[in-house]
Structures are given as structure tokens and as C-alpha cells.
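Participant: Before we start, here is the structure in question, set down as C-alpha cells.
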Amino acid sequence: MDIDFVGKNLTHDEFSIEDKGANYTIKYVSIPAGTKLYHGNNFEQENNILVGDLKYFLIDPVHAVDNQYGIMHEFETTIPLNLIRLDDKNTQKYLYETSDERIQLILENNFGYENGIRTSDQEPDAAVATFICELYKDSDYHGYLTDVMDTDMGGRFHPEIVICNPLDKLNFVKTTTPTEEHRGIIEEMKLKYRGKEERGRRKNKPKRSPIGPPSGMGTGGLFPYTPPGSPTGYGLFGPPTPGGKKSKKKKSKKKGNKHKTNKRKTSKNKRKRTNK
């Protein structure tokens, strides 16, 4: 579902900027104070959810399909916000040509700089969001907005909003997910992320895992979750156990040789006694 810019009273505008001898046009959307935005969070409550350098929001809770972002909470903007249009080609061009190689690569692979295809991935997405928040720090621009974008699987990626330092700009209104659904949603998301982690472990099985929890888990992710297995990267079942069939075969062979040697010595002794 595309953003209803008229129904939400969102207005478009643009500004020009000169950087490194080139002129750029940046498009942005203005969101009036009192606009409702939505964010999924399973553990923090009310305005504690807003603590942090940046947060992701939805313009409409229906964009979160099958509770994909957890328990949904409603917030209201307390000041007018100006969000650059990250899905606009001219805006992308400015960001691309004034950023380092890492951000350029993410804009190409994840935000459709060349092909218009959106591929969402937690760490690269967060890197671009952080870059934009740093770029527009202490300015009149407060994050970014994208409308629906095509994906590489033929689907559509929902509209997305990132707001920098949201605690200064929004206020908690209510939790929209019914209380009786909270436990089921939390358990469902735990299983989802554990399954995702296990698939990643199997995919990268030849490589040993780094010490510590994977990105997005532990204290920095959705769940305070510690993966099973040792920190040295052996996975679910720990290091291989010494011994086994191979060792038993060697031991059995050794016993057999010893027995045969004793038998030969006994026969030799018998022959000596007979000759004597």
C-alpha cells in the first residue's frame, strides 16, 4: 500500500545544495505535528521505546504484515518533521557522490541506486540511516522516508520512515496490539529469529563464528538471546568428542598382536624343551 500523502497531509518540497563543486537537488517530505506513526517493540514501554540515536517507523500499522515487527505502538509527532526522500534519484545521487565507498555500495545493493530494487538487510540499512542522521545533524532535516519500493523477488517493500533522535520529536500515545496477543507474538518472533540464525549457521558452516552473539542479537537486538554452542564456533553440539570407532579398532588390533606374540614365544619354548 502506497503512502496516502494527501490524506496524511504530507507535503513535498525540495532544496538545492552545492557540494564539491557540484549542484544537487534534494527532495523531502514535511510531516506536520500531530501525525501518527507506528513502531514495533516487544520489551520497552511507552516513551522508553524512543530512546536512541534513531528509530524506524511506519506511516500506517497495516504495513506490518503478520506482526513482522512485533507488538505495535502508536506515537505522535510533537514538532513538524522534514524527511528526505531516500527513494528519489536526485537525492540518492547527492548521497552517493558525497559518501564513502561503503555507503555507496549499500545504496547500490540495498536502496536501488542503479536498478530501483530495495533489498532490506539490518546492518547495511542501519549504516545508511546512521550516515543520514550524522549528515543532517543540527539541521532542519530529521531523517528519511521511502514510499513503496520494488524488491528483487517481484514483491514490494513497504513505506519506511527513519527519525533521528526521536525522543525529542515524538510522544507515546498507546499500544495498538491487544494485550492478549503479546505473548504469542513474542514467542513467534523468538522462533523466527532463532530459525534465521540456525539457517545462517548452516550456510556458513565451514567458517568458525566470531566470539560473541551474532549481529542483531543479544543486548543490541530484538531479544536478549545467547546462541547455543561454544564461543569457539563449534555450533549446537560443541567440539567433537575424542575416541570413537577408530580408536577402538586400533586398541583391538594392538591386543591381537600381543596375543599372537605370546603364542609364538610359547611354541618356541616347547620346542626347546623337547630338543633338550
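Note on naming: chains are A, B, ... as they come in the C-alpha cells, residues start from 1 per chain, ligands start from 1 in the order shown.
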Pick out the residues sitting within 7 Å of segment 64-79 of chain A, and hand them over as number ranges by chain; count only C-alpha atoms, and ignore anything fewer than 6 positions along from it in its own chain.

Facilitator: A: 32-42, 169-177, 182, 185-186

Participant: Enumerate as a ChimeraX atom specification all residues of segment 85-206 of chain A assigned to strand (DSSP E or B) by DSSP on the backbone, naming them with the chain letters and numbers the document uses.

Facilitator: /A:85,111,117-118,143-146,149-150,156-157,160-164,170-175

Participant: Those residues with C-alpha atoms, as a PDB file, in the first residue's frame please?

Facilitator:
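Wrote out-v9.pdb, looks like this:
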```
ATOM      1  CA  ARG A  85      13.127  11.171   0.116  1.00  0.00           C
ATOM      2  CA  PHE A 111      18.368   1.010  -1.851  1.00  0.00           C
ATOM      3  CA  ILE A 117      15.286  -2.534  -6.234  1.00  0.00           C
ATOM      4  CA  ARG A 118      15.037  -2.442  -2.438  1.00  0.00           C
ATOM      5  CA  GLY A 143      15.637  11.552   8.909  1.00  0.00           C
ATOM      6  CA  TYR A 144      14.383   9.903   5.753  1.00  0.00           C
ATOM      7  CA  LEU A 145      11.251   8.494   4.140  1.00  0.00           C
ATOM      8  CA  THR A 146      10.730   5.985   1.349  1.00  0.00           C
ATOM      9  CA  MET A 149       9.726   0.088  -3.487  1.00  0.00           C
ATOM     10  CA  ASP A 150      10.072  -2.982  -5.700  1.00  0.00           C
ATOM     11  CA  ARG A 156       7.012  -4.656  -2.860  1.00  0.00           C
ATOM     12  CA  PHE A 157       8.793  -3.278   0.185  1.00  0.00           C
ATOM     13  CA  GLU A 160       9.600   3.265   5.698  1.00  0.00           C
ATOM     14  CA  ILE A 161      10.485   6.194   7.935  1.00  0.00           C
ATOM     15  CA  VAL A 162      13.646   6.762   9.972  1.00  0.00           C
ATOM     16  CA  ILE A 163      13.654   9.553  12.558  1.00  0.00           C
ATOM     17  CA  CYS A 164      16.870  10.698  14.208  1.00  0.00           C
ATOM     18  CA  LEU A 170       7.544  12.210  19.228  1.00  0.00           C
ATOM     19  CA  ASN A 171       5.412  11.174  22.146  1.00  0.00           C
ATOM     20  CA  PHE A 172       3.878   7.813  23.038  1.00  0.00           C
ATOM     21  CA  VAL A 173       0.116   7.553  22.516  1.00  0.00           C
ATOM     22  CA  LYS A 174      -0.863   3.903  23.044  1.00  0.00           C
ATOM     23  CA  THR A 175      -0.073   0.271  22.346  1.00  0.00           C
TER      24      THR A 175
END
```

Participant: Considering only C-alpha atoms, can you say which of A:Gly184, A:Pro159, A:Gly7, A:Gly154 comes closest to Ile59 of chain A?

Facilitator: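 Distance minimum relative to Ile59 of chain A lands on A:Pro159.
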
Participant: Just how far from atom CA of Thr11 of chain A is atom CA of Ser30 of chain A, in Å to one decimal?

Facilitator: 5.3 Å

Participant: One number please: atom CA of Ile26 of chain A to atom CA of Asp168 of chain A, in Å, one decimal.

Facilitator: 24.1 Å

Participant: Which residue is closest to Lys93 of chain A? Choose from A:Ala22, A:Ala129, A:Leu58, A:Met1 and count only C-alpha atoms.

Facilitator: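 Among the listed residues, the smallest separation from Lys93 of chain A belongs to A:Ala22.
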
Participant: Using DSSP secondary structure from the backbone, list all helix (DSSP H, G or I) positions within segment 35-202 of chain A, as a PyMOL selection string.

Facilitator: chain A and resi 46-50+61-63+65-67+89-97+101-110+122-135+166-168+179-202

Participant: Choose the residue, out of A:Glu198, A:Asp88, A:Asp121, A:Asp53, that has the smallest atom-to-atom separation from His142 of chain A; count only C-alpha atoms.

Facilitator: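 Between A:Glu198, A:Asp88, A:Asp121, A:Asp53, the residue approaching His142 of chain A most closely is A:Asp53.
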
Participant: For His158 of chain A, which residue out of A:Glu187, A:Asp60, A:Glu108, A:Asp138 is the nearest one, using only C-alpha atoms?

Facilitator: A:Asp60

Participant: Nearest to Leu167 of chain A among A:Lys27, A:Arg199, A:Arg102, A:Lys55, with distances taken over only C-alpha atoms: which residue is it?

Facilitator: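 Residue with the minimum atom-to-atom distance to Leu167 of chain A: A:Lys55.
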
Participant: Tell me which of A:Glu181, A:Glu134, A:Glu123, A:Asp147 sits closest to Tyr28 of chain A, counting only C-alpha atoms.

Facilitator: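 Among the listed residues, the smallest separation from Tyr28 of chain A belongs to A:Asp147.
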
Participant: Just give me the gap between atom CA of Leu86 of chain A and atom CA of Val29 of chain A in Å, one decimal is fine.

Facilitator: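 It comes out at 10.4 Å.
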
Participant: Determine, counting only C-alpha atoms, which protein, DNA and RNA residues have an atom within 12 Å of an atom of Thr98 of chain A; residues of the same chain fewer than 2 positions away are not included. Present the result as a PDB file with N, CA and C atoms, in the first residue's frame.

Facilitator:
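Result saved to result_15.pdb:
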```pdb
ATOM      1  N   ILE A  17      21.638  22.266  -3.074  1.00  0.00           N
ATOM      2  CA  ILE A  17      22.859  22.330  -2.281  1.00  0.00           C
ATOM      3  C   ILE A  17      24.060  22.167  -3.204  1.00  0.00           C
ATOM      4  N   GLU A  18      25.120  22.873  -2.884  1.00  0.00           N
ATOM      5  CA  GLU A  18      26.357  22.741  -3.636  1.00  0.00           C
ATOM      6  C   GLU A  18      27.382  22.024  -2.779  1.00  0.00           C
ATOM      7  N   ASP A  19      27.983  20.990  -3.346  1.00  0.00           N
ATOM      8  CA  ASP A  19      28.962  20.201  -2.608  1.00  0.00           C
ATOM      9  C   ASP A  19      30.032  19.712  -3.575  1.00  0.00           C
ATOM     10  N   LYS A  20      31.292  19.935  -3.219  1.00  0.00           N
ATOM     11  CA  LYS A  20      32.427  19.501  -4.039  1.00  0.00           C
ATOM     12  C   LYS A  20      32.329  20.019  -5.474  1.00  0.00           C
ATOM     13  N   GLY A  21      31.844  21.246  -5.606  1.00  0.00           N
ATOM     14  CA  GLY A  21      31.770  21.889  -6.914  1.00  0.00           C
ATOM     15  C   GLY A  21      30.587  21.480  -7.755  1.00  0.00           C
ATOM     16  N   ALA A  22      29.707  20.651  -7.239  1.00  0.00           N
ATOM     17  CA  ALA A  22      28.534  20.193  -7.989  1.00  0.00           C
ATOM     18  C   ALA A  22      27.257  20.654  -7.296  1.00  0.00           C
ATOM     19  N   ASN A  23      26.211  20.896  -8.085  1.00  0.00           N
ATOM     20  CA  ASN A  23      24.914  21.295  -7.551  1.00  0.00           C
ATOM     21  C   ASN A  23      23.973  20.099  -7.500  1.00  0.00           C
ATOM     22  N   TYR A  24      23.270  19.970  -6.395  1.00  0.00           N
ATOM     23  CA  TYR A  24      22.353  18.846  -6.198  1.00  0.00           C
ATOM     24  C   TYR A  24      20.986  19.358  -5.760  1.00  0.00           C
ATOM     25  N   THR A  91      18.064  12.762  -4.917  1.00  0.00           N
ATOM     26  CA  THR A  91      18.536  12.722  -3.533  1.00  0.00           C
ATOM     27  C   THR A  91      19.578  11.625  -3.369  1.00  0.00           C
ATOM     28  N   GLN A  92      19.320  10.464  -3.964  1.00  0.00           N
ATOM     29  CA  GLN A  92      20.285   9.372  -3.910  1.00  0.00           C
ATOM     30  C   GLN A  92      21.610   9.756  -4.557  1.00  0.00           C
ATOM     31  N   LYS A  93      21.533  10.497  -5.643  1.00  0.00           N
ATOM     32  CA  LYS A  93      22.754  10.911  -6.337  1.00  0.00           C
ATOM     33  C   LYS A  93      23.633  11.770  -5.428  1.00  0.00           C
ATOM     34  N   TYR A  94      23.004  12.695  -4.707  1.00  0.00           N
ATOM     35  CA  TYR A  94      23.765  13.536  -3.781  1.00  0.00           C
ATOM     36  C   TYR A  94      24.419  12.688  -2.693  1.00  0.00           C
ATOM     37  N   LEU A  95      23.647  11.795  -2.080  1.00  0.00           N
ATOM     38  CA  LEU A  95      24.191  10.944  -1.018  1.00  0.00           C
ATOM     39  C   LEU A  95      25.309  10.053  -1.550  1.00  0.00           C
ATOM     40  N   TYR A  96      25.116   9.524  -2.743  1.00  0.00           N
ATOM     41  CA  TYR A  96      26.094   8.605  -3.336  1.00  0.00           C
ATOM     42  C   TYR A  96      27.415   9.319  -3.621  1.00  0.00           C
ATOM     43  N   ASP A 100      31.307   7.695   1.357  1.00  0.00           N
ATOM     44  CA  ASP A 100      32.442   6.804   1.132  1.00  0.00           C
ATOM     45  C   ASP A 100      31.992   5.553   0.375  1.00  0.00           C
ATOM     46  N   GLU A 101      32.957   4.684   0.081  1.00  0.00           N
ATOM     47  CA  GLU A 101      32.670   3.502  -0.746  1.00  0.00           C
ATOM     48  C   GLU A 101      31.672   2.562  -0.082  1.00  0.00           C
ATOM     49  N   ARG A 102      31.748   2.446   1.248  1.00  0.00           N
ATOM     50  CA  ARG A 102      30.830   1.525   1.928  1.00  0.00           C
ATOM     51  C   ARG A 102      29.376   1.963   1.756  1.00  0.00           C
ATOM     52  N   ILE A 103      29.090   3.244   1.966  1.00  0.00           N
ATOM     53  CA  ILE A 103      27.725   3.750   1.810  1.00  0.00           C
ATOM     54  C   ILE A 103      27.300   3.659   0.350  1.00  0.00           C
ATOM     55  N   GLN A 104      28.209   3.937  -0.558  1.00  0.00           N
ATOM     56  CA  GLN A 104      27.886   3.821  -1.986  1.00  0.00           C
ATOM     57  C   GLN A 104      27.456   2.399  -2.335  1.00  0.00           C
ATOM     58  N   PHE A 131      24.351   7.214   8.736  1.00  0.00           N
ATOM     59  CA  PHE A 131      25.028   8.182   7.864  1.00  0.00           C
ATOM     60  C   PHE A 131      24.146   9.414   7.643  1.00  0.00           C
ATOM     61  N   ILE A 132      22.861   9.202   7.363  1.00  0.00           N
ATOM     62  CA  ILE A 132      21.952  10.321   7.107  1.00  0.00           C
ATOM     63  C   ILE A 132      21.732  11.156   8.368  1.00  0.00           C
ATOM     64  N   LEU A 135      24.757  13.223   8.821  1.00  0.00           N
ATOM     65  CA  LEU A 135      24.856  14.237   7.771  1.00  0.00           C
ATOM     66  C   LEU A 135      23.967  15.449   8.069  1.00  0.00           C
TER      67      LEU A 135
END
```
